[in-house]
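Taking it in order: structure first as structure tokens, then the write-up.
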Amino acid sequence: MKVILGSDVDGNELKDYIKNYLLENGYDVIDKSENKDFVETTYAVAQTVLADGDSLGIVFDAYGAGSFMVATKIKGMVAAEVSDERSAYMTRGHNNSRIITIGSKIVGTEVAKNIVKGFLTAGYDGGRHQIRVDMLNKMC
């Protein structure tokens, strides 16, 4: 699985920590960070995730909210702003989220690592949840 990462200046340090964690655990990582604003970075991550159906994305900024707002503006993208492990796992399982956003000024390194692990190891449950995912996708 490819994991597409991105960050703005505020999220760069946490993104680099998570990037190393992912590489150490055998993930194929693509980093879309280019010292840009979270709007440009999130857009680049989302476009890459949409182009590769097997990839997932993680974007880091100061609070996660800005990147979340950008991701949800993109047709076909389901995203979640998360700051705990359970929400990361559940948004993947119940909402088929393809991107999560994390606030570096909210979440520390160990919680971020657990969030990422939960998100990447969860599978989409489908079934009754697909109705809501379809509703979300029709909104854009």
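Residue names in the structure tokens use chain letters A, B, ... in the order shown, residue numbers from 1 in each chain, and ligand numbers from 1 in the order shown.
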Exercise for the section: Would you please extract all alpha helix (DSSP H) residues from chain A, as assigned by DSSP on the backbone, and give them as number ranges by chain? Expected result: A: 12-24, 38-51, 65-71, 85-95, 109-121, 129-139
Create the file for the chosen residues now, containing C-alpha atoms and written as an mmCIF file, in the first residue's frame.
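Wrote it out as out_0.cif, contents follow:
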data_model
loop_
_atom_site.group_PDB
_atom_site.id
_atom_site.type_symbol
_atom_site.label_atom_id
_atom_site.label_comp_id
_atom_site.auth_asym_id
_atom_site.auth_seq_id
_atom_site.Cartn_x
_atom_site.Cartn_y
_atom_site.Cartn_z
ATOM 1 C CA ASN A 12 6.491 19.107 8.899
ATOM 2 C CA GLU A 13 8.265 17.803 12.012
ATOM 3 C CA LEU A 14 5.464 15.387 12.917
ATOM 4 C CA LYS A 15 5.139 14.337 9.271
ATOM 5 C CA ASP A 16 8.849 13.488 9.143
ATOM 6 C CA TYR A 17 8.530 11.412 12.326
ATOM 7 C CA ILE A 18 5.596 9.472 10.863
ATOM 8 C CA LYS A 19 7.356 9.123 7.513
ATOM 9 C CA ASN A 20 10.312 7.417 9.204
ATOM 10 C CA TYR A 21 7.942 5.170 11.183
ATOM 11 C CA LEU A 22 6.166 4.120 7.977
ATOM 12 C CA LEU A 23 9.390 3.463 6.083
ATOM 13 C CA GLU A 24 10.716 1.377 8.981
ATOM 14 C CA PHE A 38 -1.753 23.380 3.578
ATOM 15 C CA VAL A 39 -4.235 24.113 0.785
ATOM 16 C CA GLU A 40 -1.768 23.249 -1.975
ATOM 17 C CA THR A 41 -0.299 20.315 -0.083
ATOM 18 C CA THR A 42 -3.660 18.764 0.772
ATOM 19 C CA TYR A 43 -4.816 19.173 -2.805
ATOM 20 C CA ALA A 44 -1.674 17.398 -4.068
ATOM 21 C CA VAL A 45 -2.141 14.531 -1.596
ATOM 22 C CA ALA A 46 -5.828 14.148 -2.485
ATOM 23 C CA GLN A 47 -5.185 14.107 -6.222
ATOM 24 C CA THR A 48 -2.525 11.428 -5.791
ATOM 25 C CA VAL A 49 -4.790 9.306 -3.562
ATOM 26 C CA LEU A 50 -7.670 9.577 -6.030
ATOM 27 C CA ALA A 51 -5.404 8.547 -8.906
ATOM 28 C CA ALA A 65 -8.870 21.561 10.508
ATOM 29 C CA GLY A 66 -7.552 23.481 7.515
ATOM 30 C CA SER A 67 -6.362 20.393 5.679
ATOM 31 C CA PHE A 68 -9.638 18.653 6.482
ATOM 32 C CA MET A 69 -11.649 21.502 4.945
ATOM 33 C CA VAL A 70 -9.565 21.364 1.770
ATOM 34 C CA ALA A 71 -9.831 17.576 1.408
ATOM 35 C CA GLU A 85 -6.656 6.222 17.555
ATOM 36 C CA ARG A 86 -10.251 4.969 17.670
ATOM 37 C CA SER A 87 -11.584 7.715 15.402
ATOM 38 C CA ALA A 88 -8.862 6.965 12.845
ATOM 39 C CA TYR A 89 -9.764 3.283 12.832
ATOM 40 C CA MET A 90 -13.524 3.875 12.695
ATOM 41 C CA THR A 91 -13.447 6.513 9.953
ATOM 42 C CA ARG A 92 -11.684 4.014 7.735
ATOM 43 C CA GLY A 93 -14.012 1.153 8.626
ATOM 44 C CA HIS A 94 -17.332 2.982 8.525
ATOM 45 C CA ASN A 95 -16.729 5.950 6.201
ATOM 46 C CA THR A 109 4.386 11.626 18.303
ATOM 47 C CA GLU A 110 3.205 8.451 20.055
ATOM 48 C CA VAL A 111 -0.486 9.227 19.624
ATOM 49 C CA ALA A 112 0.178 10.179 15.991
ATOM 50 C CA LYS A 113 1.910 6.843 15.435
ATOM 51 C CA ASN A 114 -1.083 4.995 16.910
ATOM 52 C CA ILE A 115 -3.511 7.065 14.824
ATOM 53 C CA VAL A 116 -1.610 6.187 11.669
ATOM 54 C CA LYS A 117 -1.415 2.515 12.610
ATOM 55 C CA GLY A 118 -5.170 2.400 13.265
ATOM 56 C CA PHE A 119 -5.995 4.148 10.004
ATOM 57 C CA LEU A 120 -3.722 2.023 7.842
ATOM 58 C CA THR A 121 -4.642 -1.330 9.369
ATOM 59 C CA HIS A 129 -21.982 1.988 5.517
ATOM 60 C CA GLN A 130 -21.821 2.294 1.729
ATOM 61 C CA ILE A 131 -25.136 4.167 1.732
ATOM 62 C CA ARG A 132 -23.549 7.053 3.665
ATOM 63 C CA VAL A 133 -20.375 6.979 1.602
ATOM 64 C CA ASP A 134 -22.476 7.291 -1.555
ATOM 65 C CA MET A 135 -24.350 10.223 0.022
ATOM 66 C CA LEU A 136 -21.066 11.958 0.832
ATOM 67 C CA ASN A 137 -19.746 11.471 -2.672
ATOM 68 C CA LYS A 138 -22.905 12.926 -4.232
ATOM 69 C CA MET A 139 -22.482 16.135 -2.243
#
Exercise for the section: Write out as number ranges by chain all residues of chain A that DSSP puts in strand (DSSP E) for this structure's backbone. Expected result: A: 2-7, 28-31, 56-61, 79-81, 99-103
Completion exercise
One residue among A:Leu56, A:Val9, A:Ala122, A:Val29 is nearest to Arg98 in chain A when using only C-alpha atoms, and that residue is A:Leu56
Fill in the blank from the handout: Across A:Tyr27, A:Ile74, A:Ile99, A:Ala80, the smallest distance to Gly6 in chain A, with only C-alpha atoms counted, is shown by A:Ile99
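A straight line drawn from CA of Asp61 in chain A to CA of Gly123 in chain A is 25.2 Å long.
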Handout entry: Given only C-alpha atoms as the counted atoms, nearest of A:Lys2, A:Lys36, A:Arg128, A:Lys105 to Ile58 in chain A
Key = A:Lys2
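Checking A:Met1, A:Ile100, A:Tyr124, A:Val107 one by one against Val59 in chain A, counting only C-alpha atoms, you find the shortest gap at A:Ile100.
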